[in-house]
file model_18.pdb (PDB, C-alpha atoms)
ATOM      1  CA  MET I   1     -52.230 -75.918 114.591
ATOM      2  CA  LEU I   2     -55.048 -78.052 113.292
ATOM      3  CA  ARG I   3     -57.521 -79.671 115.632
ATOM      4  CA  ALA I   4     -58.787 -83.222 115.286
ATOM      5  CA  ALA I   5     -61.315 -85.086 117.382
ATOM      6  CA  SER I   6     -60.178 -88.256 119.091
ATOM      7  CA  SER I   7     -62.253 -91.379 119.626
ATOM      8  CA  TRP I   8     -63.154 -90.209 123.159
ATOM      9  CA  GLY I   9     -64.637 -86.944 121.957
ATOM     10  CA  GLU I  10     -61.653 -84.870 123.052
ATOM     11  CA  GLU I  11     -59.820 -82.579 120.723
ATOM     12  CA  THR I  12     -56.183 -83.285 120.009
ATOM     13  CA  ALA I  13     -53.735 -81.022 118.270
ATOM     14  CA  VAL I  14     -52.289 -82.186 115.015
ATOM     15  CA  SER I  15     -49.317 -80.206 113.882
ATOM     16  CA  GLU I  16     -48.847 -79.013 110.365
ATOM     17  CA  ALA I  17     -45.547 -80.864 110.343
ATOM     18  CA  ASP I  18     -47.395 -84.176 110.602
ATOM     19  CA  ASP I  19     -49.441 -83.137 107.600
ATOM     20  CA  ARG I  20     -46.246 -82.290 105.697
ATOM     21  CA  ASP I  21     -44.765 -85.697 106.563
ATOM     22  CA  ALA I  22     -47.622 -87.362 104.731
ATOM     23  CA  ARG I  23     -46.749 -85.370 101.604
ATOM     24  CA  ALA I  24     -42.988 -85.843 101.961
ATOM     25  CA  GLU I  25     -40.715 -85.839  98.947
ATOM     26  CA  PRO I  26     -40.293 -89.111  97.088
ATOM     27  CA  ARG I  27     -37.864 -91.648  98.488
ATOM     28  CA  LEU I  28     -35.406 -93.732  96.527
ATOM     29  CA  PRO I  29     -36.480 -97.132  95.301
ATOM     30  CA  ILE I  30     -35.049-100.064  97.205
ATOM     31  CA  GLY I  31     -31.546-100.971  96.075
ATOM     32  CA  TYR I  32     -30.392 -97.569  94.794
ATOM     33  CA  ARG I  33     -28.279 -96.746  97.858
ATOM     34  CA  GLN I  34     -26.702-100.196  97.902
ATOM     35  CA  ALA I  35     -25.811 -99.873  94.216
ATOM     36  CA  ILE I  36     -24.186 -96.449  94.606
ATOM     37  CA  VAL I  37     -22.201 -97.593  97.657
ATOM     38  CA  THR I  38     -20.943-100.616  95.698
ATOM     39  CA  SER I  39     -20.018 -98.444  92.703
ATOM     40  CA  ILE I  40     -18.194 -95.910  94.846
ATOM     41  CA  ALA I  41     -16.299 -98.646  96.701
ATOM     42  CA  LEU I  42     -15.259-100.258  93.414
ATOM     43  CA  PHE I  43     -13.954 -97.032  91.866
ATOM     44  CA  LEU I  44     -12.342 -95.996  95.143
ATOM     45  CA  SER I  45     -10.402 -99.249  95.466
ATOM     46  CA  LEU I  46      -9.263 -99.096  91.832
ATOM     47  CA  SER I  47      -8.199 -95.467  92.240
ATOM     48  CA  ILE I  48      -6.222 -96.180  95.392
ATOM     49  CA  ALA I  49      -4.538 -99.166  93.720
ATOM     50  CA  PHE I  50      -3.631 -97.008  90.714
ATOM     51  CA  LEU I  51      -2.260 -94.243  92.932
ATOM     52  CA  ARG I  52      -0.151 -96.817  94.772
ATOM     53  CA  PHE I  53       1.232 -98.093  91.469
ATOM     54  CA  TRP I  54       1.881 -94.604  90.148
ATOM     55  CA  SER I  55       3.555 -93.406  93.331
ATOM     56  CA  PHE I  56       5.715 -96.418  94.193
ATOM     57  CA  GLU I  57       6.070 -98.861  91.298
ATOM     58  CA  ALA I  58       5.984 -96.904  88.038
ATOM     59  CA  PRO I  59       9.350 -96.442  86.335
ATOM     60  CA  GLY I  60      10.691 -92.992  85.611
ATOM     61  CA  SER I  61      11.685 -89.918  87.496
ATOM     62  CA  LEU I  62       9.606 -87.549  89.539
ATOM     63  CA  THR I  63       8.564 -84.626  87.344
ATOM     64  CA  LEU I  64       6.106 -81.793  87.662
ATOM     65  CA  ALA I  65       3.677 -83.577  85.333
ATOM     66  CA  SER I  66       3.870 -86.856  87.243
ATOM     67  CA  THR I  67       3.383 -85.079  90.558
ATOM     68  CA  GLY I  68       0.441 -83.124  89.127
ATOM     69  CA  SER I  69      -1.229 -86.276  87.862
ATOM     70  CA  ALA I  70      -0.768 -87.964  91.240
ATOM     71  CA  MET I  71      -2.263 -84.934  92.983
ATOM     72  CA  LEU I  72      -5.178 -84.913  90.541
ATOM     73  CA  THR I  73      -5.799 -88.598  91.175
ATOM     74  CA  GLY I  74      -5.603 -87.914  94.919
ATOM     75  CA  ALA I  75      -8.176 -85.130  94.573
ATOM     76  CA  GLY I  76     -10.466 -87.572  92.774
ATOM     77  CA  ILE I  77     -10.023 -90.055  95.622
ATOM     78  CA  VAL I  78     -11.022 -87.353  98.115
ATOM     79  CA  LEU I  79     -14.173 -86.697  96.057
ATOM     80  CA  LEU I  80     -14.943 -90.426  96.004
ATOM     81  CA  LEU I  81     -14.490 -90.610  99.782
ATOM     82  CA  THR I  82     -16.867 -87.661 100.150
ATOM     83  CA  ALA I  83     -19.415 -89.411  97.959
ATOM     84  CA  LEU I  84     -19.047 -92.611  99.992
ATOM     85  CA  PHE I  85     -19.528 -90.707 103.237
ATOM     86  CA  ARG I  86     -22.697 -89.083 101.846
ATOM     87  CA  ALA I  87     -23.984 -92.390 100.423
ATOM     88  CA  LEU I  88     -23.693 -94.071 103.820
ATOM     89  CA  ASP I  89     -25.665 -91.250 105.458
ATOM     90  CA  VAL I  90     -29.301 -92.028 106.256
ATOM     91  CA  ARG I  91     -30.362 -88.747 104.632
ATOM     92  CA  ASP I  92     -29.246 -90.158 101.279
ATOM     93  CA  ASP I  93     -32.658 -91.851 100.972
ATOM     94  CA  ALA I  94     -34.047 -88.408 100.109
ATOM     95  CA  LEU I  95     -33.938 -87.802  96.372
ATOM     96  CA  PRO I  96     -32.249 -84.342  96.425
ATOM     97  CA  HIS I  97     -29.482 -85.585  98.744
ATOM     98  CA  TYR I  98     -28.963 -88.673  96.568
ATOM     99  CA  ARG I  99     -28.694 -86.571  93.394
ATOM    100  CA  VAL I 100     -25.892 -84.476  94.904
ATOM    101  CA  THR I 101     -24.111 -87.647  96.026
ATOM    102  CA  VAL I 102     -24.270 -89.091  92.512
ATOM    103  CA  ARG I 103     -22.907 -85.842  91.039
ATOM    104  CA  ILE I 104     -19.986 -85.857  93.492
ATOM    105  CA  PHE I 105     -19.331 -89.499  92.606
ATOM    106  CA  PHE I 106     -19.269 -88.800  88.865
ATOM    107  CA  LEU I 107     -17.038 -85.775  89.380
ATOM    108  CA  GLY I 108     -14.622 -87.922  91.392
ATOM    109  CA  VAL I 109     -14.562 -90.580  88.667
ATOM    110  CA  VAL I 110     -13.894 -87.960  85.971
ATOM    111  CA  VAL I 111     -11.067 -86.377  87.991
ATOM    112  CA  VAL I 112      -9.436 -89.776  88.599
ATOM    113  CA  ILE I 113      -9.722 -90.668  84.907
ATOM    114  CA  ILE I 114      -8.129 -87.353  83.902
ATOM    115  CA  GLY I 115      -5.315 -87.883  86.413
ATOM    116  CA  ALA I 116      -4.745 -91.452  85.207
ATOM    117  CA  THR I 117      -4.737 -90.348  81.568
ATOM    118  CA  ILE I 118      -2.135 -87.671  82.278
ATOM    119  CA  SER I 119      -0.004 -90.195  84.159
ATOM    120  CA  TRP I 120      -0.160 -92.674  81.278
ATOM    121  CA  ILE I 121       0.929 -89.940  78.861
ATOM    122  CA  VAL I 122       3.806 -88.977  81.169
ATOM    123  CA  LEU I 123       4.834 -92.615  81.525
ATOM    124  CA  ALA I 124       4.763 -93.106  77.726
ATOM    125  CA  ILE I 125       6.890 -90.019  77.180
ATOM    126  CA  GLU I 126       9.419 -90.983  79.853
ATOM    127  CA  THR I 127       9.837 -94.579  78.704
ATOM    128  CA  GLY I 128       9.930 -93.564  75.041
ATOM    129  CA  SER I 129       7.077 -95.828  73.981
ATOM    130  CA  SER I 130       3.816 -94.817  72.386
TER     131      SER I 130
END

call {"tool": "encode", "arguments": {"input": "model_18.pdb", "output": "structure tokens"}}
result
Amino acid sequence: MLRAASSWGEETAVSEADDRDARAEPRLPIGYRQAIVTSIALFLSLSIAFLRFWSFEAPGSLTLASTGSAMLTGAGIVLLLTALFRALDVRDDALPHYRVTVRIFFLGVVVVIIGATISWIVLAIETGSS
């Protein structure tokens, strides 16, 4: 504990934690959290709409490849939901927490894109078009 004199001549205890708060890690600039939440919501809505199309409206039969691509797209949606949950957390203003959230978001986008690409290939093969 550090000691500091107050204006009345009494000593007050100042914790080392208060001193650490003054040197806290850098915070995100204003607008970064809002931008990542908007980006996640956009990709999440597009991914859910694609999964709905692929599961219910796409022509063709149910195959192992089509089921695998739907499951891969679903896994990407789960990653996007995780990123959205983290982005809405107050702790996401801290730079290390935000960096992990962005990495989860990008991983979710990549997984959804891979799943969508596989589904388009399967759909092209099944319908006989290229």

call {"tool": "axis_aligned_box", "arguments": {"input": "model_18.pdb", "around": "range 34-44 of chain I", "padding_each_side": "5 Å", "output": "lines of an AutoDock Vina configuration file"}}
result
center_x = -19.5
center_y = -98.3
center_z = 94.9
size_x = 24.4
size_y = 14.7
size_z = 16.0

call {"tool": "closest_residue", "arguments": {"input": "model_18.pdb", "among": "I:Ile113, I:Val100, I:Leu80, I:Ile121", "to": "Leu42 in chain I", "atoms": "only C-alpha atoms"}}
result
I:Leu80

call {"tool": "closest_residue", "arguments": {"input": "model_18.pdb", "among": "I:Leu51, I:Asp93, I:Gly128, I:Gly68", "to": "Ile30 in chain I", "atoms": "only C-alpha atoms"}}
result
I:Asp93

call {"tool": "residues_around", "arguments": {"input": "model_18.pdb", "residues": "Pro29 in chain I", "least_positions_apart": "4", "cutoff": "12 Å", "atoms": "all atoms listed in the file", "output": "ChimeraX atom specification"}}
result
/I:33-35,92-95,98

call {"tool": "atom_distance", "arguments": {"input": "model_18.pdb", "atom1": "CA of Glu126 in chain I", "atom2": "CA of Phe50 in chain I"}}
result
18.0 Å

call {"tool": "resolve_selection", "arguments": {"input": "model_18.pdb", "expression": "the PyMOL selection byres ((chain I and resi 81) around 12)", "output": "count of residues only"}}
result
30
